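This is protein19.cif (mmCIF, C-alpha atoms, pLDDT in the B column; chains and numbers go by the auth columns).
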```cif
data_query
#
loop_
_atom_site.group_PDB
_atom_site.id
_atom_site.type_symbol
_atom_site.label_atom_id
_atom_site.label_comp_id
_atom_site.label_asym_id
_atom_site.label_seq_id
_atom_site.Cartn_x
_atom_site.Cartn_y
_atom_site.Cartn_z
_atom_site.B_iso_or_equiv
_atom_site.auth_seq_id
_atom_site.auth_asym_id
ATOM 1 C CA MET A 1 13.101 -1.432 -3.505 80.00 38 B
ATOM 2 C CA SER A 2 10.879 1.633 -3.541 93.00 39 B
ATOM 3 C CA LEU A 3 11.955 5.217 -2.883 95.00 40 B
ATOM 4 C CA PRO A 4 10.207 5.336 0.530 94.00 41 B
ATOM 5 C CA ASN A 5 12.105 2.191 1.593 96.00 42 B
ATOM 6 C CA ILE A 6 15.399 3.713 0.455 96.00 43 B
ATOM 7 C CA ILE A 7 14.638 6.821 2.540 96.00 44 B
ATOM 8 C CA THR A 8 13.798 4.624 5.538 96.00 45 B
ATOM 9 C CA ILE A 9 17.035 2.668 5.173 96.00 46 B
ATOM 10 C CA ALA A 10 18.949 5.972 4.963 96.00 47 B
ATOM 11 C CA ARG A 11 17.294 6.975 8.253 96.00 48 B
ATOM 12 C CA MET A 12 18.480 3.718 9.795 96.00 49 B
ATOM 13 C CA LEU A 13 22.003 4.356 8.526 96.00 50 B
ATOM 14 C CA ALA A 14 21.932 7.802 10.169 96.00 51 B
ATOM 15 C CA VAL A 15 21.558 6.237 13.637 97.00 52 B
ATOM 16 C CA PRO A 16 25.280 5.528 14.221 98.00 53 B
ATOM 17 C CA LEU A 17 26.084 9.073 13.091 97.00 54 B
ATOM 18 C CA ILE A 18 23.614 10.599 15.552 97.00 55 B
ATOM 19 C CA VAL A 19 24.911 8.418 18.394 98.00 56 B
ATOM 20 C CA TRP A 20 28.500 9.393 17.577 98.00 57 B
ATOM 21 C CA LEU A 21 27.545 13.082 17.460 98.00 58 B
ATOM 22 C CA ILE A 22 25.827 12.826 20.853 97.00 59 B
ATOM 23 C CA ILE A 23 28.672 10.912 22.504 97.00 60 B
ATOM 24 C CA SER A 24 31.239 13.352 21.100 97.00 61 B
ATOM 25 C CA GLY A 25 29.265 16.305 22.506 95.00 62 B
ATOM 26 C CA GLN A 26 28.183 17.767 19.169 96.00 63 B
ATOM 27 C CA MET A 27 24.584 18.262 20.278 96.00 64 B
ATOM 28 C CA THR A 28 23.694 21.011 17.786 96.00 65 B
ATOM 29 C CA ILE A 29 24.627 18.842 14.818 97.00 66 B
ATOM 30 C CA ALA A 30 22.987 15.791 16.463 97.00 67 B
ATOM 31 C CA PHE A 31 19.805 17.842 16.905 97.00 68 B
ATOM 32 C CA LEU A 32 19.857 18.906 13.238 97.00 69 B
ATOM 33 C CA VAL A 33 20.422 15.325 12.029 97.00 70 B
ATOM 34 C CA PHE A 34 17.580 14.211 14.349 97.00 71 B
ATOM 35 C CA ILE A 35 15.284 16.821 12.757 96.00 72 B
ATOM 36 C CA ALA A 36 16.366 15.663 9.279 96.00 73 B
ATOM 37 C CA ALA A 37 15.602 12.060 10.265 95.00 74 B
ATOM 38 C CA GLY A 38 12.161 13.127 11.466 94.00 75 B
ATOM 39 C CA LEU A 39 11.504 14.970 8.227 96.00 76 B
ATOM 40 C CA SER A 40 12.633 11.912 6.244 95.00 77 B
ATOM 41 C CA ASP A 41 10.054 9.873 8.159 93.00 78 B
ATOM 42 C CA ALA A 42 7.323 12.287 7.080 94.00 79 B
ATOM 43 C CA VAL A 43 8.615 12.387 3.502 96.00 80 B
ATOM 44 C CA ASP A 44 8.799 8.616 3.057 94.00 81 B
ATOM 45 C CA GLY A 45 5.282 8.247 4.452 92.00 82 B
ATOM 46 C CA PHE A 46 3.945 10.974 2.156 94.00 83 B
ATOM 47 C CA ILE A 47 5.613 9.481 -0.928 96.00 84 B
ATOM 48 C CA ALA A 48 4.413 5.968 -0.073 93.00 85 B
ATOM 49 C CA LYS A 49 0.802 7.099 0.318 94.00 86 B
ATOM 50 C CA ARG A 50 0.664 9.749 -2.412 94.00 87 B
ATOM 51 C CA PHE A 51 2.269 7.631 -5.128 94.00 88 B
ATOM 52 C CA HIS A 52 0.940 4.248 -3.941 93.00 89 B
ATOM 53 C CA LEU A 53 4.436 2.957 -3.175 94.00 90 B
ATOM 54 C CA SER A 54 3.592 1.286 0.138 92.00 91 B
ATOM 55 C CA THR A 55 5.155 -2.152 0.527 92.00 92 B
ATOM 56 C CA ASN A 56 5.058 -4.927 3.104 89.00 93 B
ATOM 57 C CA LEU A 57 8.771 -4.369 3.648 92.00 94 B
ATOM 58 C CA GLY A 58 8.149 -0.682 4.317 91.00 95 B
ATOM 59 C CA ALA A 59 5.427 -1.533 6.832 87.00 96 B
ATOM 60 C CA TYR A 60 8.088 -3.336 8.888 85.00 97 B
ATOM 61 C CA LEU A 61 11.084 -1.107 8.142 92.00 98 B
ATOM 62 C CA ASP A 62 9.479 2.241 9.014 92.00 99 B
ATOM 63 C CA PRO A 63 8.552 1.500 12.651 88.00 100 B
ATOM 64 C CA LEU A 64 11.809 -0.421 13.077 91.00 101 B
ATOM 65 C CA ALA A 65 13.769 2.627 11.876 94.00 102 B
ATOM 66 C CA ASP A 66 11.810 4.893 14.232 93.00 103 B
ATOM 67 C CA LYS A 67 12.436 2.671 17.243 93.00 104 B
ATOM 68 C CA LEU A 68 16.092 2.137 16.363 96.00 105 B
ATOM 69 C CA LEU A 69 16.563 5.903 16.161 96.00 106 B
ATOM 70 C CA LEU A 70 14.734 6.719 19.393 96.00 107 B
ATOM 71 C CA VAL A 71 16.175 3.897 21.510 97.00 108 B
ATOM 72 C CA SER A 72 19.699 4.678 20.301 97.00 109 B
ATOM 73 C CA ILE A 73 19.287 8.364 21.090 98.00 110 B
ATOM 74 C CA TYR A 74 17.883 7.567 24.532 98.00 111 B
ATOM 75 C CA ILE A 75 20.774 5.210 25.292 98.00 112 B
ATOM 76 C CA ALA A 76 23.343 7.812 24.188 98.00 113 B
ATOM 77 C CA LEU A 77 21.627 10.584 26.181 97.00 114 B
ATOM 78 C CA GLY A 78 21.398 8.283 29.207 97.00 115 B
ATOM 79 C CA TYR A 79 25.085 7.488 28.879 97.00 116 B
ATOM 80 C CA LEU A 80 25.834 11.217 29.097 95.00 117 B
ATOM 81 C CA ASP A 81 23.387 11.685 32.028 95.00 118 B
ATOM 82 C CA VAL A 82 21.263 14.055 29.937 94.00 119 B
ATOM 83 C CA LEU A 83 18.296 11.703 30.425 97.00 120 B
ATOM 84 C CA PRO A 84 17.771 9.619 33.567 97.00 121 B
ATOM 85 C CA VAL A 85 18.936 6.011 33.324 97.00 122 B
ATOM 86 C CA TRP A 86 15.606 4.696 34.660 98.00 123 B
ATOM 87 C CA LEU A 87 13.838 6.248 31.645 98.00 124 B
ATOM 88 C CA VAL A 88 16.335 4.770 29.191 98.00 125 B
ATOM 89 C CA ILE A 89 15.761 1.332 30.742 98.00 126 B
ATOM 90 C CA LEU A 90 11.968 1.757 30.517 98.00 127 B
ATOM 91 C CA VAL A 91 11.993 2.907 26.890 98.00 128 B
ATOM 92 C CA ALA A 92 14.409 0.194 25.726 97.00 129 B
ATOM 93 C CA SER A 93 12.717 -2.552 27.773 97.00 130 B
ATOM 94 C CA ARG A 94 9.276 -1.742 26.413 96.00 131 B
ATOM 95 C CA ASP A 95 10.483 -1.892 22.822 94.00 132 B
ATOM 96 C CA PHE A 96 12.436 -5.114 23.396 95.00 133 B
ATOM 97 C CA MET A 97 9.382 -6.609 25.113 96.00 134 B
ATOM 98 C CA ILE A 98 7.140 -5.772 22.152 92.00 135 B
ATOM 99 C CA VAL A 99 9.593 -7.053 19.538 91.00 136 B
ATOM 100 C CA GLY A 100 10.326 -10.161 21.626 94.00 137 B
ATOM 101 C CA GLY A 101 6.625 -10.864 22.054 94.00 138 B
ATOM 102 C CA LEU A 102 6.000 -10.521 18.322 91.00 139 B
ATOM 103 C CA LEU A 103 8.924 -12.807 17.507 92.00 140 B
ATOM 104 C CA LEU A 104 7.799 -15.384 20.067 95.00 141 B
ATOM 105 C CA ALA A 105 4.246 -15.328 18.706 94.00 142 B
ATOM 106 C CA TRP A 106 5.602 -15.769 15.184 92.00 143 B
ATOM 107 C CA PHE A 107 7.952 -18.573 16.291 94.00 144 B
ATOM 108 C CA LEU A 108 5.016 -20.361 17.955 94.00 145 B
ATOM 109 C CA GLU A 109 3.049 -19.965 14.709 93.00 146 B
ATOM 110 C CA ARG A 110 0.631 -17.491 16.241 93.00 147 B
ATOM 111 C CA PRO A 111 1.646 -14.320 14.359 92.00 148 B
ATOM 112 C CA MET A 112 0.190 -11.136 15.695 89.00 149 B
ATOM 113 C CA ALA A 113 -0.413 -7.855 13.903 81.00 150 B
ATOM 114 C CA ILE A 114 0.320 -4.838 16.071 73.00 151 B
ATOM 115 C CA GLN A 115 -1.944 -1.898 15.606 78.00 152 B
ATOM 116 C CA PRO A 116 -0.676 1.377 17.082 80.00 153 B
ATOM 117 C CA LEU A 117 -2.889 2.402 19.980 87.00 154 B
ATOM 118 C CA LEU A 118 -3.653 5.982 20.985 94.00 155 B
ATOM 119 C CA VAL A 119 -1.488 5.673 24.116 93.00 156 B
ATOM 120 C CA SER A 120 1.339 4.270 21.974 92.00 157 B
ATOM 121 C CA LYS A 121 1.092 7.177 19.552 91.00 158 B
ATOM 122 C CA ALA A 122 1.145 9.595 22.496 96.00 159 B
ATOM 123 C CA ASN A 123 4.133 7.718 23.915 96.00 160 B
ATOM 124 C CA THR A 124 6.056 7.960 20.639 93.00 161 B
ATOM 125 C CA ALA A 125 5.212 11.652 20.303 95.00 162 B
ATOM 126 C CA GLY A 126 6.379 12.249 23.885 97.00 163 B
ATOM 127 C CA GLN A 127 9.607 10.336 23.269 97.00 164 B
ATOM 128 C CA ILE A 128 10.291 12.370 20.125 96.00 165 B
ATOM 129 C CA VAL A 129 9.626 15.695 21.848 96.00 166 B
ATOM 130 C CA LEU A 130 11.773 14.765 24.854 97.00 167 B
ATOM 131 C CA ALA A 131 14.628 13.585 22.596 97.00 168 B
ATOM 132 C CA GLY A 132 14.417 16.848 20.656 96.00 169 B
ATOM 133 C CA VAL A 133 14.427 18.916 23.837 95.00 170 B
ATOM 134 C CA ALA A 134 17.279 16.884 25.344 96.00 171 B
ATOM 135 C CA LEU A 135 19.337 17.391 22.169 96.00 172 B
ATOM 136 C CA GLY A 136 18.260 20.945 21.405 94.00 173 B
ATOM 137 C CA LEU A 137 18.641 22.597 24.809 93.00 174 B
ATOM 138 C CA PRO A 138 22.339 21.797 25.307 90.00 175 B
ATOM 139 C CA GLY A 139 22.945 22.087 21.573 86.00 176 B
ATOM 140 C CA PHE A 140 21.865 25.700 21.606 88.00 177 B
ATOM 141 C CA GLY A 141 23.406 26.552 24.982 87.00 178 B
ATOM 142 C CA TYR A 142 20.324 26.285 27.208 89.00 179 B
ATOM 143 C CA GLU A 143 19.942 24.235 30.338 81.00 180 B
ATOM 144 C CA ASN A 144 16.502 23.485 31.671 78.00 181 B
ATOM 145 C CA THR A 145 16.696 20.442 33.900 84.00 182 B
ATOM 146 C CA HIS A 146 13.082 20.931 35.085 92.00 183 B
ATOM 147 C CA LEU A 147 11.837 20.500 31.520 94.00 184 B
ATOM 148 C CA ILE A 148 13.889 17.308 31.148 95.00 185 B
ATOM 149 C CA ILE A 149 12.732 15.986 34.549 95.00 186 B
ATOM 150 C CA TRP A 150 9.024 16.592 33.934 97.00 187 B
ATOM 151 C CA GLY A 151 9.310 15.384 30.346 97.00 188 B
ATOM 152 C CA SER A 152 10.996 12.218 31.603 98.00 189 B
ATOM 153 C CA VAL A 153 8.201 11.595 34.107 98.00 190 B
ATOM 154 C CA ALA A 154 5.533 12.079 31.415 98.00 191 B
ATOM 155 C CA VAL A 155 7.330 9.794 28.948 98.00 192 B
ATOM 156 C CA GLY A 156 7.903 7.234 31.721 98.00 193 B
ATOM 157 C CA ILE A 157 4.192 7.118 32.531 98.00 194 B
ATOM 158 C CA LEU A 158 3.239 6.803 28.852 97.00 195 B
ATOM 159 C CA THR A 159 5.881 4.112 28.305 97.00 196 B
ATOM 160 C CA VAL A 160 4.645 1.990 31.218 98.00 197 B
ATOM 161 C CA GLY A 161 1.005 2.469 30.180 97.00 198 B
ATOM 162 C CA SER A 162 1.515 1.550 26.541 96.00 199 B
ATOM 163 C CA GLY A 163 3.773 -1.380 27.443 96.00 200 B
ATOM 164 C CA ALA A 164 1.130 -2.721 29.837 96.00 201 B
ATOM 165 C CA ILE A 165 -1.583 -2.506 27.167 95.00 202 B
ATOM 166 C CA TYR A 166 0.575 -4.267 24.582 94.00 203 B
ATOM 167 C CA LEU A 167 1.420 -6.971 27.142 95.00 204 B
ATOM 168 C CA ARG A 168 -2.271 -7.427 27.976 95.00 205 B
ATOM 169 C CA ASP A 169 -3.132 -7.726 24.263 93.00 206 B
ATOM 170 C CA TRP A 170 -0.272 -10.186 23.700 94.00 207 B
ATOM 171 C CA ILE A 171 -1.443 -12.383 26.588 95.00 208 B
ATOM 172 C CA ARG A 172 -5.019 -12.326 25.249 94.00 209 B
ATOM 173 C CA HIS A 173 -3.770 -13.153 21.760 94.00 210 B
ATOM 174 C CA MET A 174 -1.672 -16.074 22.950 94.00 211 B
ATOM 175 C CA ALA A 175 -4.460 -17.406 25.208 94.00 212 B
ATOM 176 C CA ASN A 176 -7.192 -17.102 22.575 87.00 213 B
ATOM 177 C CA GLY A 177 -7.917 -20.430 20.877 54.00 214 B
ATOM 178 C CA ASN A 178 -7.882 -19.094 17.311 49.00 215 B
ATOM 179 C CA GLY A 179 -4.812 -16.924 17.819 47.00 216 B
ATOM 180 C CA ASP A 180 -6.481 -13.559 17.343 49.00 217 B
ATOM 181 C CA VAL A 181 -7.214 -10.790 19.788 47.00 218 B
ATOM 182 C CA SER A 182 -10.970 -10.433 19.920 39.00 219 B
ATOM 183 C CA VAL A 183 -12.546 -7.349 18.403 35.00 220 B
ATOM 184 C CA SER A 184 -14.033 -6.305 21.739 35.00 221 B
ATOM 185 C CA SER A 185 -10.663 -6.378 23.482 36.00 222 B
ATOM 186 C CA ARG A 186 -9.176 -4.314 20.655 37.00 223 B
ATOM 187 C CA THR A 187 -11.800 -1.594 20.962 36.00 224 B
ATOM 188 C CA GLU A 188 -11.369 -1.383 24.729 36.00 225 B
ATOM 189 C CA THR A 189 -7.812 -0.087 24.299 34.00 226 B
ATOM 190 C CA ARG A 190 -8.649 2.784 22.008 30.00 227 B
#
```

structure tokens encoding of this file:
Amino acid sequence: MSLPNIITIARMLAVPLIVWLIISGQMTIAFLVFIAAGLSDAVDGFIAKRFHLSTNLGAYLDPLADKLLLVSIYIALGYLDVLPVWLVILVASRDFMIVGGLLLAWFLERPMAIQPLLVSKANTAGQIVLAGVALGLPGFGYENTHLIIWGSVAVGILTVGSGAIYLRDWIRHMANGNGDVSVSSRTETR
């Protein structure tokens, strides 16, 4: 168990705390814990790369921790009507679709490596910014529903786009005789 993995696990353990803070209306503290979780993500990545402590376990845990944090925050914010329910459904469905597709491919003995695409990175960045805004605005006494509405639309578009590309790549992977997505189809998505 390396230090970066311990930091990642700590981030995962912070998820119930953040959800509880959101549900109990303590948005300022939830925002600060969210920022701390984001900083821990940067720190564990820096330590892993700088001190050559990257592990296979960490390669799976880090994105899992990120998605667990974001999906949980979106569900809690949707529950409180801070974020629209349709966006919460989109974000959660996309992540469940990706994880389900990877598990199915693995179960069928056609494991698939997921490489983050540019649209997926933009989607994650948009989700993080929107979560921060949705936590920070009420946490610090501001209300800007237009910012939340337009941010939700942007994240919704990115979520649908990245989900569609991952689905296309999964279908190609599963249909390909040798089980791999061809190099040409991989470069098309970037």

Target residues per the PyMOL selection byres ((chain B and resi 182-198) around 7), formatted as an mmCIF file with C-alpha atoms, in the frame of the given file:
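And here's expr.cif as it stands now:
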```cif
data_model
loop_
_atom_site.group_PDB
_atom_site.id
_atom_site.type_symbol
_atom_site.label_atom_id
_atom_site.label_comp_id
_atom_site.auth_asym_id
_atom_site.auth_seq_id
_atom_site.Cartn_x
_atom_site.Cartn_y
_atom_site.Cartn_z
ATOM 1 C CA LEU B 124 13.838 6.248 31.645
ATOM 2 C CA LEU B 127 11.968 1.757 30.517
ATOM 3 C CA VAL B 128 11.993 2.907 26.890
ATOM 4 C CA VAL B 156 -1.488 5.673 24.116
ATOM 5 C CA ASN B 160 4.133 7.718 23.915
ATOM 6 C CA GLY B 163 6.379 12.249 23.885
ATOM 7 C CA GLN B 164 9.607 10.336 23.269
ATOM 8 C CA LEU B 167 11.773 14.765 24.854
ATOM 9 C CA ALA B 171 17.279 16.884 25.344
ATOM 10 C CA GLU B 180 19.942 24.235 30.338
ATOM 11 C CA ASN B 181 16.502 23.485 31.671
ATOM 12 C CA SER B 199 1.515 1.550 26.541
ATOM 13 C CA GLY B 200 3.773 -1.380 27.443
ATOM 14 C CA ALA B 201 1.130 -2.721 29.837
ATOM 15 C CA ILE B 202 -1.583 -2.506 27.167
#
```

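Using all atoms listed in the file, the nearest neighbour of Ala129 (chain B) within the list B:Gln152, B:Leu105, B:Leu117, B:Ala159 is B:Leu105.
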
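What the PyMOL selection byres ((chain B and resi 151) around 12) grabs from this file is B:Ala96, B:Tyr97, B:Pro100, B:Ile135, B:Val136, B:Gly138, B:Leu139, B:Leu140, B:Ala142, B:Pro148, B:Met149, B:Ala150, B:Gln152, B:Pro153, B:Leu154, B:Ser157, B:Ile202, B:Tyr203, B:Leu204, B:Asp206, B:Trp207, B:His210, B:Asp217, B:Val218, B:Arg223.
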
Output C-alpha atoms for every residue in the selection just made, as a short mmCIF file (atom, residue, chain, number, x, y, z; two decimals), in the frame of the given file.
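This is the output file selection_29.cif:
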```cif
data_model
loop_
_atom_site.label_atom_id
_atom_site.label_comp_id
_atom_site.auth_asym_id
_atom_site.auth_seq_id
_atom_site.Cartn_x
_atom_site.Cartn_y
_atom_site.Cartn_z
CA ALA B 96 5.43 -1.53 6.83
CA TYR B 97 8.09 -3.34 8.89
CA PRO B 100 8.55 1.50 12.65
CA ILE B 135 7.14 -5.77 22.15
CA VAL B 136 9.59 -7.05 19.54
CA GLY B 138 6.62 -10.86 22.05
CA LEU B 139 6.00 -10.52 18.32
CA LEU B 140 8.92 -12.81 17.51
CA ALA B 142 4.25 -15.33 18.71
CA PRO B 148 1.65 -14.32 14.36
CA MET B 149 0.19 -11.14 15.70
CA ALA B 150 -0.41 -7.86 13.90
CA GLN B 152 -1.94 -1.90 15.61
CA PRO B 153 -0.68 1.38 17.08
CA LEU B 154 -2.89 2.40 19.98
CA SER B 157 1.34 4.27 21.97
CA ILE B 202 -1.58 -2.51 27.17
CA TYR B 203 0.57 -4.27 24.58
CA LEU B 204 1.42 -6.97 27.14
CA ASP B 206 -3.13 -7.73 24.26
CA TRP B 207 -0.27 -10.19 23.70
CA HIS B 210 -3.77 -13.15 21.76
CA ASP B 217 -6.48 -13.56 17.34
CA VAL B 218 -7.21 -10.79 19.79
CA ARG B 223 -9.18 -4.31 20.66
#
```

Tell me which residues the PyMOL selection byres ((chain B and resi 114) around 9) grabs here, as a count of residues only.
20

Quote the spacing between CA of Ile55 (chain B) and CA of Leu101 (chain B) in Å to one decimal place.
16.3 Å

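Using only C-alpha atoms, the nearest neighbour of Gly169 (chain B) within the list B:Leu155, B:Ala79, B:Met64, B:Leu94 is B:Met64.
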
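In this structure, CA of Ala162 (chain B) sits 19.3 Å away from CA of Met134 (chain B).
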
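CA of Ile46 (chain B) sits 10.4 Å away from CA of Asp81 (chain B).
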
Please report, as JSON, the centre and edge lengths in Å to one decimal of an axis-aligned box covering all listed atoms of region 128-144 of chain B with 3 Å per side.
```
{"center_x": 9.3, "center_y": -7.8, "center_z": 21.5, "size_x": 16.2, "size_y": 27.5, "size_z": 18.6}
```

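Counting only C-alpha atoms and comparing B:Ser61, B:Ser130, B:Thr161, B:Thr45, the residue that lies closest to Ala73 (chain B) is B:Thr45.
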
Residue with smallest distance to Ile43 (chain B) - pool B:Leu98, B:Leu58, B:Leu76, B:Ala67, counting only C-alpha atoms:
B:Leu98

Neighbours of Ser77 (chain B) within 10 Å (all atoms listed in the file; same-chain residues fewer than 4 positions away dropped), as a PyMOL selection string?
chain B and resi 41+44-45+47-48+71-73+81-83

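Summary of the local environment: counting all atoms listed in the file, residues at most 9 Å from Ala85 (chain B), other than itself and those fewer than 2 positions away along its chain, are B:Ser39, B:Leu40, B:Pro41, B:Asn42, B:Val80, B:Asp81, B:Gly82, B:Phe83, B:Arg87, B:Phe88, B:His89, B:Leu90, B:Ser91, B:Thr92, B:Gly95.
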